[in-house]
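Working notes, beginning with the structure itself.
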Amino acid sequence: MQAAVTHHPHAAVVRLSGELDAHTSGQLRSLLNELLLAGQGNLVLDLSGLSFIDSAGLAALLSAAKGTRRGGGRLLLSGPAPAVRRVMALTGIDVVLTTVDSVDEALARMAAEQEG
């Protein structure tokens with residue numbers, strides 16, 4: 001798994017690519033914890049480049065959502081690829097975590113929530 005972070009006025013965007021599984025989920029947890037500890041309350045995870053996710057990867061997403069909520073922020077998932085979306089739907093994660101179609105849509109929602 002590769003991750004690239006870009007900072008925007010209302011959130012940090014983390015673009016993920018490759019496979020998010022038992023071997024790589026620890027990397028993601030560490031990265032997201034660093035962002036949260038640095039005061040980045042709102043996170044957008046761009047899942048469009050992920051080709052695979054397993055239960056450890058899903059657990060990392062849930063952990064990120066809990067971390068953002070604890071800090072008064074929010075997590076949005078953006079554009080999961082069809083294979084990832086299917087796993088999310090089969091496990092019910094898509095009901096628990098908010099997913100939008102694009103990073104732009106996620107950032108617009110974050111901005112509207114903070115300004116509204």
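Labels for the structure tokens follow display order: chains A, B, ..., residues from 1 in each chain, ligands from 1.
Residues in contact with Asp101 of chain A at up to 7 Å, not including ones fewer than 2 positions away on its chain and judged by only C-alpha atoms, are Ser78, Gly79, Thr99 and Glu105 of chain A.
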Within 6 Å of Leu50 of chain A using only C-alpha atoms, minus same-chain residues under 2 positions, as number ranges by chain: A: 17-19, 47-48, 52
Atom CA of Ala108 of chain A to atom CA of Asp46 of chain A, straight-line distance in Å: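 Atom CA of Ala108 of chain A lies 14.3 Å from atom CA of Asp46 of chain A.
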Atomic separation - atom CA of Pro80 of chain A relative to atom CA of Gly39 of chain A, Å: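 Computed distance, atom CA of Gly39 of chain A to atom CA of Pro80 of chain A, equals 25.8 Å.
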Strand (DSSP E or B) positions in chain A, given as a PyMOL selection string: chain A and resi 2-7+12-20+43-53+75-78+99-100
Option closest in space to Gly92 of chain A, from A:Leu58, A:Ala111, A:Val44, A:Leu76 [counting only C-alpha atoms]: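 Answer, going by the shortest atom-to-atom distance: A:Leu58.
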Residue nearest Thr6 of chain A among A:Leu28, A:Leu45, A:Ala38, A:Val95 (counting only C-alpha atoms):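 The shortest atom-to-atom distance to Thr6 of chain A comes from A:Leu45.
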In segment 61-111 of chain A, DSSP helix (DSSP H, G or I) residues written as a PyMOL selection string: chain A and resi 61-70+82-91+93-96+103-111
Convert the current residue selection to file output with C-alpha atoms, as a short mmCIF file (atom, residue, chain, number, x, y, z; two decimals), in the first residue's frame.
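The resulting again_5.cif:
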data_model
loop_
_atom_site.label_atom_id
_atom_site.label_comp_id
_atom_site.auth_asym_id
_atom_site.auth_seq_id
_atom_site.Cartn_x
_atom_site.Cartn_y
_atom_site.Cartn_z
CA LEU A 61 -10.92 2.41 8.44
CA LEU A 62 -13.18 1.96 11.46
CA SER A 63 -10.34 2.93 13.78
CA ALA A 64 -9.75 6.10 11.75
CA ALA A 65 -13.43 7.01 12.01
CA LYS A 66 -13.35 6.58 15.79
CA GLY A 67 -10.18 8.65 16.04
CA THR A 68 -11.62 11.54 14.06
CA ARG A 69 -14.85 11.50 16.10
CA ARG A 70 -12.90 11.55 19.37
CA PRO A 82 -15.67 -1.69 -7.40
CA ALA A 83 -13.87 -4.58 -5.67
CA VAL A 84 -13.36 -2.53 -2.51
CA ARG A 85 -16.93 -1.20 -2.61
CA ARG A 86 -18.20 -4.78 -2.87
CA VAL A 87 -16.30 -5.86 0.27
CA MET A 88 -17.56 -2.80 2.11
CA ALA A 89 -21.15 -3.62 1.14
CA LEU A 90 -20.86 -7.31 2.05
CA THR A 91 -19.54 -6.45 5.52
CA ILE A 93 -19.09 -1.05 6.58
CA ASP A 94 -20.70 1.09 3.89
CA VAL A 95 -23.62 1.68 6.27
CA VAL A 96 -21.35 2.76 9.14
CA VAL A 103 -12.46 13.82 -3.30
CA ASP A 104 -13.97 17.10 -4.52
CA GLU A 105 -17.37 16.07 -3.17
CA ALA A 106 -15.82 15.08 0.16
CA LEU A 107 -13.99 18.39 0.49
CA ALA A 108 -17.14 20.32 -0.42
CA ARG A 109 -19.08 18.47 2.30
CA MET A 110 -16.36 19.18 4.86
CA ALA A 111 -16.35 22.86 3.94
#
Separation of atom CA of Val13 of chain A from atom CA of Leu43 of chain A, in Å and rounded to one decimal: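 Between atom CA of Val13 of chain A and atom CA of Leu43 of chain A the gap is 6.0 Å.
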Best match for closeness to Gln114 of chain A among A:Gly41, A:Gly71, A:Gly26, A:Gly49, counting only C-alpha atoms: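 With only C-alpha atoms as the atom set, the closest residue is A:Gly41.
Taking only C-alpha atoms into account, His8 of chain A lies nearest to A:Asn42 out of the set A:Ala81, A:Val100, A:Ala60, A:Asn42.
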